[in-house]
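What follows is my_file-v8.cif (mmCIF, C-alpha atoms (C1' of nucleotides)).
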data_work
loop_
_atom_site.label_atom_id
_atom_site.label_comp_id
_atom_site.auth_asym_id
_atom_site.auth_seq_id
_atom_site.Cartn_x
_atom_site.Cartn_y
_atom_site.Cartn_z
CA MET X 1370 107.83 216.51 42.18
CA ALA X 1371 111.45 216.74 41.08
CA SER X 1372 110.32 216.88 37.45
CA VAL X 1373 107.93 219.73 38.16
CA ASN X 1374 110.63 221.57 40.01
CA ARG X 1375 113.05 221.27 37.15
CA LEU X 1376 110.56 222.13 34.39
CA LEU X 1377 109.23 225.05 36.39
CA ALA X 1378 112.76 226.36 36.79
CA GLU X 1379 113.54 225.78 33.13
CA LYS X 1380 110.50 227.20 31.39
CA GLY X 1381 108.32 228.96 33.93
CA PHE X 1382 104.75 228.18 34.85
CA GLU X 1383 103.00 229.31 31.68
CA ALA X 1384 105.34 227.52 29.30
CA MET X 1385 105.41 224.29 31.29
CA THR X 1386 102.71 221.88 30.13
CA VAL X 1387 101.14 219.09 32.14
CA ASP X 1388 101.83 216.78 29.22
CA GLU X 1389 105.54 217.45 29.57
CA VAL X 1390 105.47 216.72 33.27
CA ALA X 1391 103.62 213.46 32.71
CA ALA X 1392 106.00 212.44 29.94
CA ASP X 1393 109.00 213.31 32.09
CA VAL X 1394 107.67 211.29 35.00
CA GLY X 1395 106.72 208.47 32.68
CA ILE X 1396 103.02 208.20 33.51
CA ALA X 1397 99.84 209.27 31.78
CA LYS X 1398 98.52 212.78 32.22
CA ALA X 1399 95.29 211.46 33.70
CA SER X 1400 97.29 209.65 36.36
CA LEU X 1401 98.93 212.90 37.34
CA TYR X 1402 95.51 214.49 37.70
CA LYS X 1403 94.56 211.79 40.23
CA HIS X 1404 97.24 213.20 42.53
CA PHE X 1405 96.88 216.93 41.83
CA PRO X 1406 93.56 218.58 41.00
CA SER X 1407 95.04 221.28 38.76
CA LYS X 1408 98.21 222.59 37.17
CA GLU X 1409 98.30 225.35 39.76
CA GLU X 1410 98.15 222.86 42.64
CA LEU X 1411 100.90 220.87 40.99
CA ALA X 1412 103.14 223.92 40.84
CA ALA X 1413 102.15 224.97 44.34
CA ALA X 1414 103.25 221.58 45.64
CA ALA X 1415 106.65 222.18 44.06
CA MET X 1416 106.85 225.60 45.71
CA VAL X 1417 105.93 224.09 49.08
CA ARG X 1418 108.57 221.45 48.60
CA VAL X 1419 111.34 223.95 47.98
CA LEU X 1420 110.17 226.05 50.92
CA ASP X 1421 110.42 222.97 53.10
CA ARG X 1422 113.97 222.47 51.89
CA ALA X 1423 114.63 226.10 52.74
CA LEU X 1424 113.20 225.66 56.23
CA ALA X 1425 115.37 222.60 56.77
CA PHE X 1426 118.39 224.62 55.73
CA LEU X 1427 117.41 227.44 58.08
CA ASP X 1428 117.22 224.94 60.95
CA GLN X 1429 120.65 223.62 60.15
CA GLU X 1430 122.03 227.13 59.79
CA ALA X 1431 120.49 228.35 63.05
CA ALA X 1432 122.31 225.58 64.86
CA ARG X 1433 125.61 226.87 63.53
CA GLU X 1434 127.55 229.40 65.56
CA ALA X 1435 127.78 232.53 63.41
CA SER X 1436 126.89 236.21 63.28
CA PRO X 1437 123.57 237.30 61.74
CA ILE X 1438 125.16 238.53 58.53
CA ASP X 1439 127.02 235.27 58.07
CA HIS X 1440 123.75 233.41 58.41
CA LEU X 1441 122.24 235.68 55.75
CA LYS X 1442 125.17 235.14 53.43
CA ALA X 1443 124.85 231.41 53.89
CA VAL X 1444 121.18 231.63 52.99
CA ALA X 1445 121.92 233.66 49.86
CA ARG X 1446 124.59 231.15 48.86
CA TRP X 1447 122.26 228.21 49.39
CA THR X 1448 119.52 229.89 47.36
CA MET X 1449 121.83 230.50 44.43
CA GLN X 1450 123.18 226.96 44.59
CA VAL X 1451 119.65 225.60 44.36
CA GLN X 1452 118.92 227.89 41.41
CA LEU X 1453 122.06 226.87 39.53
CA ALA X 1454 121.20 223.24 40.19
CA GLY X 1455 117.96 223.84 38.28
CA GLU X 1456 115.85 223.05 41.33
CA MET X 1457 114.40 226.48 42.02
CA PRO X 1458 110.90 227.00 40.59
CA SER X 1459 110.75 230.64 39.55
CA LEU X 1460 108.45 232.85 41.57
CA PRO X 1461 105.75 234.60 39.54
CA SER X 1462 106.16 238.27 40.34
CA GLN X 1463 103.95 238.99 37.35
CA ASN X 1464 100.22 238.54 37.42
CA SER X 1465 99.26 234.99 36.61
CA THR X 1466 96.83 232.27 37.55
CA LEU X 1467 99.60 230.69 39.62
CA ARG X 1468 100.07 233.83 41.67
CA ALA X 1469 96.37 233.95 42.40
CA ALA X 1470 96.36 230.29 43.42
CA LEU X 1471 99.39 230.69 45.68
CA LEU X 1472 97.80 233.64 47.49
CA LYS X 1473 94.97 231.31 48.53
CA HIS X 1474 97.24 228.39 49.37
CA ARG X 1475 97.54 227.96 53.13
CA GLY X 1476 100.53 225.62 53.10
CA TYR X 1477 102.44 227.95 50.81
CA LEU X 1478 101.58 231.16 52.66
CA ASP X 1479 102.38 229.67 56.06
CA ARG X 1480 105.81 228.60 54.90
CA VAL X 1481 106.60 231.92 53.24
CA MET X 1482 105.63 233.65 56.46
CA THR X 1483 107.79 231.35 58.56
CA VAL X 1484 110.81 231.77 56.30
CA SER X 1485 110.32 235.54 56.24
CA ASP X 1486 110.06 235.74 60.03
CA ARG X 1487 113.22 233.78 60.56
CA LEU X 1488 115.16 235.78 57.99
CA GLY X 1489 113.68 238.95 59.43
CA ALA X 1490 115.18 238.19 62.83
CA TRP X 1491 118.64 237.82 61.33
CA ILE X 1492 118.17 240.98 59.27
CA THR X 1493 117.21 243.22 62.19
CA GLY X 1494 119.94 241.55 64.25
CA ALA X 1495 122.52 242.29 61.58
CA GLN X 1496 121.32 245.88 61.32
CA ALA X 1497 121.50 246.34 65.08
CA ALA X 1498 125.03 244.95 65.04
CA GLY X 1499 126.06 247.37 62.29
CA GLN X 1500 126.66 244.58 59.79
CA ILE X 1501 123.79 245.44 57.43
CA ASP X 1502 123.15 249.02 56.37
CA ALA X 1503 120.66 250.24 58.98
CA ARG X 1504 119.24 252.84 56.60
CA LEU X 1505 117.76 250.10 54.40
CA PRO X 1506 114.17 249.08 55.14
CA PRO X 1507 114.28 245.50 56.45
CA GLU X 1508 111.78 244.42 53.79
CA ALA X 1509 114.15 245.66 51.12
CA VAL X 1510 116.83 243.37 52.50
CA LEU X 1511 114.36 240.49 52.74
CA TYR X 1512 113.13 240.90 49.17
CA THR X 1513 116.68 241.22 47.91
CA LEU X 1514 117.51 237.87 49.48
CA TYR X 1515 114.39 236.27 48.01
CA ALA X 1516 115.36 237.70 44.63
CA ARG X 1517 118.54 235.59 44.66
CA ALA X 1518 116.22 232.69 43.83
CA CYS X 1519 115.44 234.14 40.42
CA ASP X 1520 118.54 236.20 39.69
CA PRO X 1521 119.05 235.99 35.92
CA VAL X 1522 122.68 237.07 36.23
CA LEU X 1523 123.64 233.61 37.49
CA ALA X 1524 122.62 231.89 34.28
CA PHE X 1525 124.22 234.59 32.12
CA LEU X 1526 127.54 234.38 33.94
CA ARG X 1527 127.52 230.60 33.73
CA ALA X 1528 126.72 230.82 30.02
CA GLY X 1529 129.76 233.07 29.56
CA GLY X 1530 131.85 229.99 30.25
CA ASN X 1531 134.66 231.78 32.04
CA LEU X 1532 133.62 230.97 35.58
CA THR X 1533 132.86 227.83 37.54
CA ASP X 1534 129.53 227.65 39.31
CA GLU X 1535 131.20 228.38 42.63
CA GLN X 1536 132.94 231.44 41.17
CA VAL X 1537 129.64 232.67 39.75
CA ILE X 1538 128.08 232.40 43.19
CA ASP X 1539 131.03 234.13 44.84
CA VAL X 1540 130.78 237.03 42.41
CA GLN X 1541 127.06 237.40 43.01
CA LEU X 1542 127.45 237.10 46.76
CA SER X 1543 129.97 239.91 46.62
CA THR X 1544 127.75 242.03 44.39
CA CYS X 1545 124.78 241.45 46.65
CA PHE X 1546 126.41 242.29 49.97
CA ASP X 1547 129.26 244.60 48.98
CA GLY X 1548 127.77 246.22 45.86
CA LEU X 1549 129.32 247.07 42.53
CA ALA X 1550 131.20 250.13 43.79
CA ALA X 1551 134.72 249.75 45.08
CA ARG X 1552 135.03 249.80 48.86
CA ARG X 1553 137.64 252.13 50.25
CA VAL X 1554 138.04 249.97 53.32
CA THR X 1555 137.54 246.25 53.21
CA MET J 172 103.56 249.42 20.30
CA ALA J 173 102.88 251.09 23.63
CA SER J 174 100.16 248.54 24.32
CA VAL J 175 102.49 245.66 23.63
CA ASN J 176 105.10 247.21 25.85
CA ARG J 177 102.72 247.56 28.73
CA LEU J 178 101.12 244.14 28.38
CA LEU J 179 104.50 242.51 27.99
CA ALA J 180 105.66 244.18 31.18
CA GLU J 181 102.47 243.28 33.01
CA LYS J 182 102.00 239.63 32.13
CA GLY J 183 105.06 238.41 30.30
CA PHE J 184 105.28 237.00 26.80
CA GLU J 185 103.53 233.67 27.34
CA ALA J 186 100.56 235.12 29.21
CA MET J 187 100.05 238.03 26.84
CA THR J 188 97.65 237.17 24.03
CA VAL J 189 97.42 238.77 20.62
CA ASP J 190 93.68 239.16 21.20
CA GLU J 191 94.39 241.33 24.21
CA VAL J 192 96.79 243.50 22.26
CA ALA J 193 94.29 243.95 19.44
CA ALA J 194 91.50 244.79 21.88
CA ASP J 195 93.73 247.24 23.71
CA VAL J 196 94.71 248.97 20.49
CA GLY J 197 91.12 248.91 19.31
CA ILE J 198 91.59 247.09 16.02
CA ALA J 199 90.90 243.55 14.84
CA LYS J 200 93.46 240.84 15.43
CA ALA J 201 93.78 240.21 11.71
CA SER J 202 94.71 243.86 11.19
CA LEU J 203 97.50 243.45 13.70
CA TYR J 204 98.81 240.47 11.75
CA LYS J 205 99.07 242.64 8.64
CA HIS J 206 101.71 244.69 10.44
CA PHE J 207 103.53 241.92 12.31
CA PRO J 208 103.94 238.40 10.96
CA SER J 209 103.90 236.68 14.34
CA LYS J 210 103.50 237.20 18.06
CA GLU J 211 107.26 236.87 18.45
CA GLU J 212 107.90 239.63 15.91
CA LEU J 213 105.37 241.79 17.69
CA ALA J 214 107.19 241.36 20.97
CA ALA J 215 110.56 241.80 19.30
CA ALA J 216 109.40 245.15 17.92
CA ALA J 217 108.58 246.21 21.46
CA MET J 218 112.02 245.13 22.62
CA VAL J 219 113.66 247.05 19.78
CA ARG J 220 111.61 250.09 20.70
CA VAL J 221 112.75 250.09 24.31
CA LEU J 222 116.34 249.53 23.22
CA ASP J 223 116.06 252.58 20.99
CA ARG J 224 114.80 254.55 23.96
CA ALA J 225 117.81 253.26 25.91
CA LEU J 226 120.19 254.31 23.15
CA ALA J 227 118.65 257.76 23.07
CA PHE J 228 119.15 258.01 26.82
CA LEU J 229 122.75 256.86 26.48
CA ASP J 230 123.36 259.60 23.92
CA GLN J 231 121.92 262.21 26.21
CA GLU J 232 123.88 260.83 29.16
CA ALA J 233 127.15 260.72 27.22
CA ALA J 234 126.78 264.43 26.50
CA ARG J 235 126.59 265.13 30.21
CA GLU J 236 129.81 265.88 32.09
CA ALA J 237 130.15 263.13 34.68
CA SER J 238 132.41 260.33 35.87
CA PRO J 239 131.91 256.80 34.51
CA ILE J 240 130.24 255.52 37.67
CA ASP J 241 127.81 258.43 37.67
CA HIS J 242 126.87 257.57 34.12
CA LEU J 243 126.28 253.97 35.19
CA LYS J 244 124.17 255.04 38.13
CA ALA J 245 122.12 257.27 35.86
CA VAL J 246 121.55 254.33 33.53
CA ALA J 247 120.45 252.09 36.39
CA ARG J 248 118.09 254.79 37.63
CA TRP J 249 116.60 255.29 34.17
CA THR J 250 116.11 251.54 33.74
CA MET J 251 114.27 251.24 37.04
CA GLN J 252 112.12 254.28 36.25
CA VAL J 253 111.05 252.69 32.99
CA GLN J 254 110.24 249.44 34.77
CA LEU J 255 108.17 251.13 37.46
CA ALA J 256 106.35 253.06 34.73
CA GLY J 257 105.23 249.69 33.33
CA GLU J 258 107.07 250.27 30.07
CA MET J 259 109.80 247.65 30.36
CA PRO J 260 109.03 244.41 28.53
CA SER J 261 110.55 241.66 30.65
CA LEU J 262 113.51 239.86 29.14
CA PRO J 263 113.03 236.11 28.79
CA SER J 264 115.99 234.58 30.57
CA GLN J 265 114.12 231.31 30.47
CA ASN J 266 113.83 229.20 27.39
CA SER J 267 110.95 230.29 25.23
CA THR J 268 109.93 230.77 21.65
CA LEU J 269 110.54 234.51 22.11
CA ARG J 270 114.10 233.95 23.19
CA ALA J 271 114.75 231.83 20.12
CA ALA J 272 113.21 234.48 17.88
CA LEU J 273 115.22 237.29 19.45
CA LEU J 274 118.47 235.40 18.96
CA LYS J 275 117.78 235.44 15.21
CA HIS J 276 116.59 239.04 15.13
CA ARG J 277 119.22 241.34 13.61
CA GLY J 278 117.71 244.62 14.76
CA TYR J 279 117.45 243.37 18.31
CA LEU J 280 120.90 241.82 18.46
CA ASP J 281 122.56 244.87 16.93
CA ARG J 282 121.01 247.16 19.49
CA VAL J 283 121.86 244.90 22.40
CA MET J 284 125.43 244.81 21.18
CA THR J 285 125.59 248.59 20.83
CA VAL J 286 124.13 249.19 24.29
CA SER J 287 126.51 246.62 25.78
CA ASP J 288 129.54 248.19 24.11
CA ARG J 289 128.72 251.64 25.36
CA LEU J 290 128.01 250.45 28.88
CA GLY J 291 131.15 248.33 28.70
CA ALA J 292 133.28 251.40 28.07
CA TRP J 293 131.91 253.11 31.14
CA ILE J 294 132.35 249.94 33.20
CA THR J 295 136.00 249.44 32.36
CA GLY J 296 136.52 253.17 32.76
CA ALA J 297 134.98 253.09 36.22
CA GLN J 298 137.07 250.08 37.15
CA ALA J 299 140.26 251.77 35.97
CA ALA J 300 139.34 254.84 38.02
CA GLY J 301 138.79 252.73 41.12
CA GLN J 302 135.09 253.52 41.24
CA ILE J 303 133.80 250.03 40.45
CA ASP J 304 135.30 246.99 42.16
CA ALA J 305 138.08 245.95 39.77
CA ARG J 306 137.89 242.34 40.94
CA LEU J 307 134.46 241.91 39.37
CA PRO J 308 134.36 240.57 35.82
CA PRO J 309 133.06 243.41 33.60
CA GLU J 310 130.32 241.13 32.25
CA ALA J 311 129.08 240.62 35.80
CA VAL J 312 128.69 244.37 36.16
CA LEU J 313 127.00 244.61 32.76
CA TYR J 314 124.53 241.81 33.49
CA THR J 315 123.78 243.30 36.90
CA LEU J 316 122.83 246.58 35.24
CA TYR J 317 120.66 244.79 32.68
CA ALA J 318 118.99 242.93 35.53
CA ARG J 319 117.66 246.22 36.92
CA ALA J 320 115.18 246.06 34.06
CA CYS J 321 113.47 243.03 35.59
CA ASP J 322 114.25 243.43 39.28
CA PRO J 323 111.22 242.03 41.12
CA VAL J 324 112.17 243.88 44.31
CA LEU J 325 110.94 247.16 42.83
CA ALA J 326 107.35 245.96 42.54
CA PHE J 327 107.45 244.33 45.98
CA LEU J 328 108.73 247.47 47.68
CA ARG J 329 106.14 249.59 45.92
CA ALA J 330 103.42 247.12 46.94
CA GLY J 331 104.55 247.52 50.55
CA GLY J 332 103.12 251.01 50.37
CA ASN J 333 105.65 252.65 52.67
CA LEU J 334 107.83 254.18 49.98
CA THR J 335 107.32 256.50 47.06
CA ASP J 336 108.53 255.35 43.66
CA GLU J 337 111.56 257.61 43.92
CA GLN J 338 112.41 256.22 47.35
CA VAL J 339 112.09 252.68 46.02
CA ILE J 340 114.55 253.51 43.27
CA ASP J 341 116.96 255.19 45.69
CA VAL J 342 116.93 252.11 47.93
CA GLN J 343 117.62 249.80 45.01
CA LEU J 344 120.30 252.08 43.61
CA SER J 345 122.01 251.97 46.98
CA THR J 346 121.65 248.19 47.23
CA CYS J 347 123.00 247.73 43.73
CA PHE J 348 126.09 249.92 44.02
CA ASP J 349 126.82 249.88 47.73
CA GLY J 350 125.46 246.46 48.69
CA LEU J 351 123.46 245.31 51.68
CA ALA J 352 126.39 245.33 54.09
CA ALA J 353 127.15 248.45 56.06
CA ARG J 354 130.07 250.50 54.75
CA ARG J 355 132.64 251.52 57.31
CA VAL J 356 133.63 254.50 55.23
CA THR J 357 131.19 256.28 53.05
"C1'" DG U 456 94.21 248.67 6.01
"C1'" DT U 457 90.37 247.01 8.26
"C1'" DC U 458 86.97 243.81 9.02
"C1'" DT U 459 84.28 238.92 9.92
"C1'" DA U 460 84.81 234.29 9.91
"C1'" DT U 461 87.43 230.26 10.21
"C1'" DA U 462 91.26 226.92 10.06
"C1'" DT U 463 94.40 224.42 13.00
"C1'" DA U 464 96.58 222.95 16.95
"C1'" DG U 465 97.70 222.53 21.65
"C1'" DC U 466 96.38 222.72 26.34
"C1'" DG U 467 93.95 221.79 30.82
"C1'" DA U 468 90.88 218.68 32.44
"C1'" DT U 469 87.62 214.54 32.48
"C1'" DA U 470 85.24 209.93 31.36
"C1'" DG U 471 85.35 205.51 31.99
"C1'" DA U 472 87.55 200.86 31.35
"C1'" DC U 473 90.90 197.77 33.60
"C1'" DG V 1394 96.30 203.93 40.41
"C1'" DT V 1395 97.06 203.57 35.69
"C1'" DC V 1396 95.66 203.70 31.18
"C1'" DT V 1397 93.34 205.35 26.34
"C1'" DA V 1398 90.36 208.41 24.39
"C1'" DT V 1399 88.15 212.58 24.21
"C1'" DC V 1400 85.88 216.93 25.55
"C1'" DG V 1401 85.88 221.94 25.57
"C1'" DC V 1402 88.26 225.87 25.20
"C1'" DT V 1403 91.50 229.18 23.81
"C1'" DA V 1404 95.38 230.61 21.26
"C1'" DT V 1405 98.04 231.67 17.02
"C1'" DA V 1406 97.46 232.44 12.50
"C1'" DT V 1407 94.96 232.84 7.87
"C1'" DA V 1408 91.24 233.50 4.12
"C1'" DG V 1409 88.96 236.53 1.73
"C1'" DA V 1410 85.47 240.37 1.31
"C1'" DC V 1411 85.13 245.51 1.52
#
Show me, as structure tokens, the structure contained in the file I just sent.
Amino acid sequence: MASVNRLLAEKGFEAMTVDEVAADVGIAKASLYKHFPSKEELAAAAMVRVLDRALAFLDQEAAREASPIDHLKAVARWTMQVQLAGEMPSLPSQNSTLRAALLKHRGYLDRVMTVSDRLGAWITGAQAAGQIDARLPPEAVLYTLYARACDPVLAFLRAGGNLTDEQVIDVQLSTCFDGLAARRVT
Amino acid sequence: MASVNRLLAEKGFEAMTVDEVAADVGIAKASLYKHFPSKEELAAAAMVRVLDRALAFLDQEAAREASPIDHLKAVARWTMQVQLAGEMPSLPSQNSTLRAALLKHRGYLDRVMTVSDRLGAWITGAQAAGQIDARLPPEAVLYTLYARACDPVLAFLRAGGNLTDEQVIDVQLSTCFDGLAARRVT
DNA sequence: GTCTATATAGCGATAGAC
DNA sequence: GTCTATCGCTATATAGAC
């Protein structure tokens, strides 16, 4: 599962081959197919796994005393940390066989819905409290947070070599919540 | 070339097949291979084409009387318009054979460098003028603008059905430059 | 330049022995 | 549950005639 996660993050679904996964795990391809009926199901299991990690983080975060926007920032930070650690399988926004398979996958859809509901509560809470721009559609905020999982800027900034991983995340957290434009009042 | 652009935007490099391109154009696959020596070169030509369109837009924009940040906003808007029009071939941030080919492709690299230089001038100009947050590394701003070309939020917001394409772009322009957090002073 | 036909290779998936 | 061996298909790329 960890191998799939890493390869999926590294190369994407189409470029990842089942042979590679099997080789990385150290078993035969046929053995892998005894556990997962298809490449799509294999990838879906990796997606479910990361969503379970996300749900566990949300539980932990909900127990913490903080304002809605601080919870959202913590979520964004966690998401980017997972991506930089190479453990975030990239979501297929493009049309693909994986996308079709995920849209029929109960376990995946249920988890996405649960995560979205819980983030949605923080988003509307933060908007009501004047912490998140109330003019933005809540879905736009939600999608923007999800997009932190596949933000290509993280890898580019890291590749630049001038910033530590934590600095990269701080920059992106600032860009995400405060924008590129200078703020007259901080 | 337009077919490649569209298919590349729709399905990505790995999922796009040369057969599809040939069928879409209405010629035989072998005929296509008389013009382009490989699938990578075919895709690279599409990338070069969109970069030339970008350079033409930068010329036009440079002739307009405006402050650096307004130029940058216009560029971001143009980029998102092209993406929503289905004419933006997605950049391969992941490892792939295309990425390797592009890194050896003079025409592509030259154009990327030229675009980056011209955007870079506006970025540092906007930072000096206090319009862009001066604490952000200029590369972070540059990469963030490039990332508008493959922002998955655009497609998700459009799929939601509640916003017109122009509204989607306005929301994302606001998110990009002003951030998710509410501004105390606008 | 365009076509038909084909070479070549890699991939997802399966058969069947142990 | 794991293996070796292989099927069937599709993809990139090429040969060679017109």
Next item on the list: Name every residue that the PyMOL selection byres ((chain J) within 9 of (chain U)) selects in this structure, writing the answer as a PyMOL selection string with chains first and numbers rising.
Entry: chain J and resi 198-199+201-202+205
Note to self: I'd like to see the residues matched by the PyMOL selection byres ((chain J and resi 180-187) around 8) on this file, and ideally I'd get them as number ranges by chain.
What the structure shows: X: 1383-1384, 1463-1465; J: 176-179, 188-189, 191-192, 214, 254, 257-261, 269
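From atom CA of X:Pro1521 back to atom CA of J:Arg270, the distance works out to 13.8 Å.
Every chain X residue lying within 6 Å of chain J, based on all atoms listed in the file, is listed here: Lys1380, Gln1463, Asn1464, Gln1500, Ile1501, Asp1502, Tyr1512, Val1522, Cys1545, Phe1546, Asp1547, Gly1548, Leu1549, Ala1550 and Ala1551 of chain X.
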Next item on the list: Measure the distance from atom C1' of V:DA1406 to atom CA of J:Asp195 in Å and round it to one decimal.
Entry: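 Computed distance, atom C1' of V:DA1406 to atom CA of J:Asp195, equals 18.9 Å.
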Next item on the list: Just give me the gap between atom CA of J:Gln252 and atom CA of J:Ile340 in Å, one decimal is fine.
Entry: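 Taking atom CA of J:Gln252 and atom CA of J:Ile340, their separation equals 7.5 Å.
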Checklist line | X:Thr1448 surroundings by all atoms listed in the file, 7 Å radius, close-in-sequence under 4 positions cut, as a PyMOL selection string | finding: chain X and resi 1444+1452+1517-1518
Next item on the list: Give me the result of the PyMOL selection byres ((chain X and resi 1410) around 12) on this file, residue by residue, as number ranges by chain.
Entry: X: 1370, 1373, 1382, 1387, 1401-1409, 1411-1417, 1466-1477
Check: For chain V, which residue among X:Asp1534, X:Met1482, X:Gly1395, X:Arg1487 is the nearest when counting only C-alpha atoms (C1' of nucleotides)?
Finding: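 Among X:Asp1534, X:Met1482, X:Gly1395, X:Arg1487, it is X:Gly1395 that comes nearest to chain V.
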As lines of an AutoDock Vina configuration file, what would the box around chain V look like: edges along x, y and z, 4 Å added on every side, centre and edge lengths in Å to one decimal?
center_x = 91.6
center_y = 224.5
center_z = 20.9
size_x = 20.9
size_y = 49.9
size_z = 47.1
Can stretch 1499-1505 of chain X be brought up to all heavy atoms and written out as an mmCIF file, in the frame of the given file?
data_model
loop_
_atom_site.group_PDB
_atom_site.id
_atom_site.type_symbol
_atom_site.label_atom_id
_atom_site.label_comp_id
_atom_site.auth_asym_id
_atom_site.auth_seq_id
_atom_site.Cartn_x
_atom_site.Cartn_y
_atom_site.Cartn_z
ATOM 1 N N GLY X 1499 125.283 246.555 63.211
ATOM 2 C CA GLY X 1499 126.060 247.370 62.290
ATOM 3 C C GLY X 1499 126.670 246.585 61.138
ATOM 4 O O GLY X 1499 127.605 247.042 60.489
ATOM 5 N N GLN X 1500 126.115 245.406 60.872
ATOM 6 C CA GLN X 1500 126.660 244.580 59.790
ATOM 7 C C GLN X 1500 125.910 244.804 58.479
ATOM 8 O O GLN X 1500 126.479 244.699 57.391
ATOM 9 C CB GLN X 1500 126.567 243.088 60.169
ATOM 10 C CG GLN X 1500 127.399 242.736 61.395
ATOM 11 C CD GLN X 1500 127.119 241.345 61.900
ATOM 12 O OE1 GLN X 1500 126.009 240.832 61.765
ATOM 13 N NE2 GLN X 1500 128.135 240.719 62.475
ATOM 14 N N ILE X 1501 124.606 245.099 58.601
ATOM 15 C CA ILE X 1501 123.790 245.440 57.430
ATOM 16 C C ILE X 1501 123.422 246.905 57.545
ATOM 17 O O ILE X 1501 123.090 247.378 58.639
ATOM 18 C CB ILE X 1501 122.505 244.574 57.376
ATOM 19 C CG1 ILE X 1501 122.830 243.106 57.112
ATOM 20 C CG2 ILE X 1501 121.526 245.107 56.336
ATOM 21 C CD1 ILE X 1501 123.062 242.751 55.674
ATOM 22 N N ASP X 1502 123.473 247.600 56.416
ATOM 23 C CA ASP X 1502 123.150 249.020 56.370
ATOM 24 C C ASP X 1502 121.804 249.293 57.053
ATOM 25 O O ASP X 1502 120.760 248.859 56.584
ATOM 26 C CB ASP X 1502 123.105 249.477 54.906
ATOM 27 C CG ASP X 1502 123.038 251.004 54.775
ATOM 28 O OD1 ASP X 1502 122.594 251.661 55.742
ATOM 29 O OD2 ASP X 1502 123.442 251.522 53.727
ATOM 30 N N ALA X 1503 121.861 250.021 58.173
ATOM 31 C CA ALA X 1503 120.660 250.240 58.980
ATOM 32 C C ALA X 1503 119.683 251.206 58.321
ATOM 33 O O ALA X 1503 118.531 251.314 58.746
ATOM 34 C CB ALA X 1503 121.055 250.756 60.364
ATOM 35 N N ARG X 1504 120.147 251.917 57.279
ATOM 36 C CA ARG X 1504 119.240 252.840 56.600
ATOM 37 C C ARG X 1504 118.295 252.113 55.657
ATOM 38 O O ARG X 1504 117.288 252.666 55.215
ATOM 39 C CB ARG X 1504 120.059 253.873 55.810
ATOM 40 C CG ARG X 1504 120.892 254.803 56.670
ATOM 41 C CD ARG X 1504 121.897 255.547 55.822
ATOM 42 N NE ARG X 1504 122.759 254.605 55.089
ATOM 43 C CZ ARG X 1504 123.744 254.970 54.274
ATOM 44 N NH1 ARG X 1504 124.003 256.259 54.085
ATOM 45 N NH2 ARG X 1504 124.470 254.069 53.671
ATOM 46 N N LEU X 1505 118.615 250.855 55.318
ATOM 47 C CA LEU X 1505 117.760 250.100 54.400
ATOM 48 C C LEU X 1505 116.530 249.580 55.134
ATOM 49 O O LEU X 1505 116.651 249.048 56.241
ATOM 50 C CB LEU X 1505 118.530 248.922 53.798
ATOM 51 C CG LEU X 1505 119.696 249.261 52.868
ATOM 52 C CD1 LEU X 1505 120.464 247.990 52.499
ATOM 53 C CD2 LEU X 1505 119.191 249.958 51.614
#
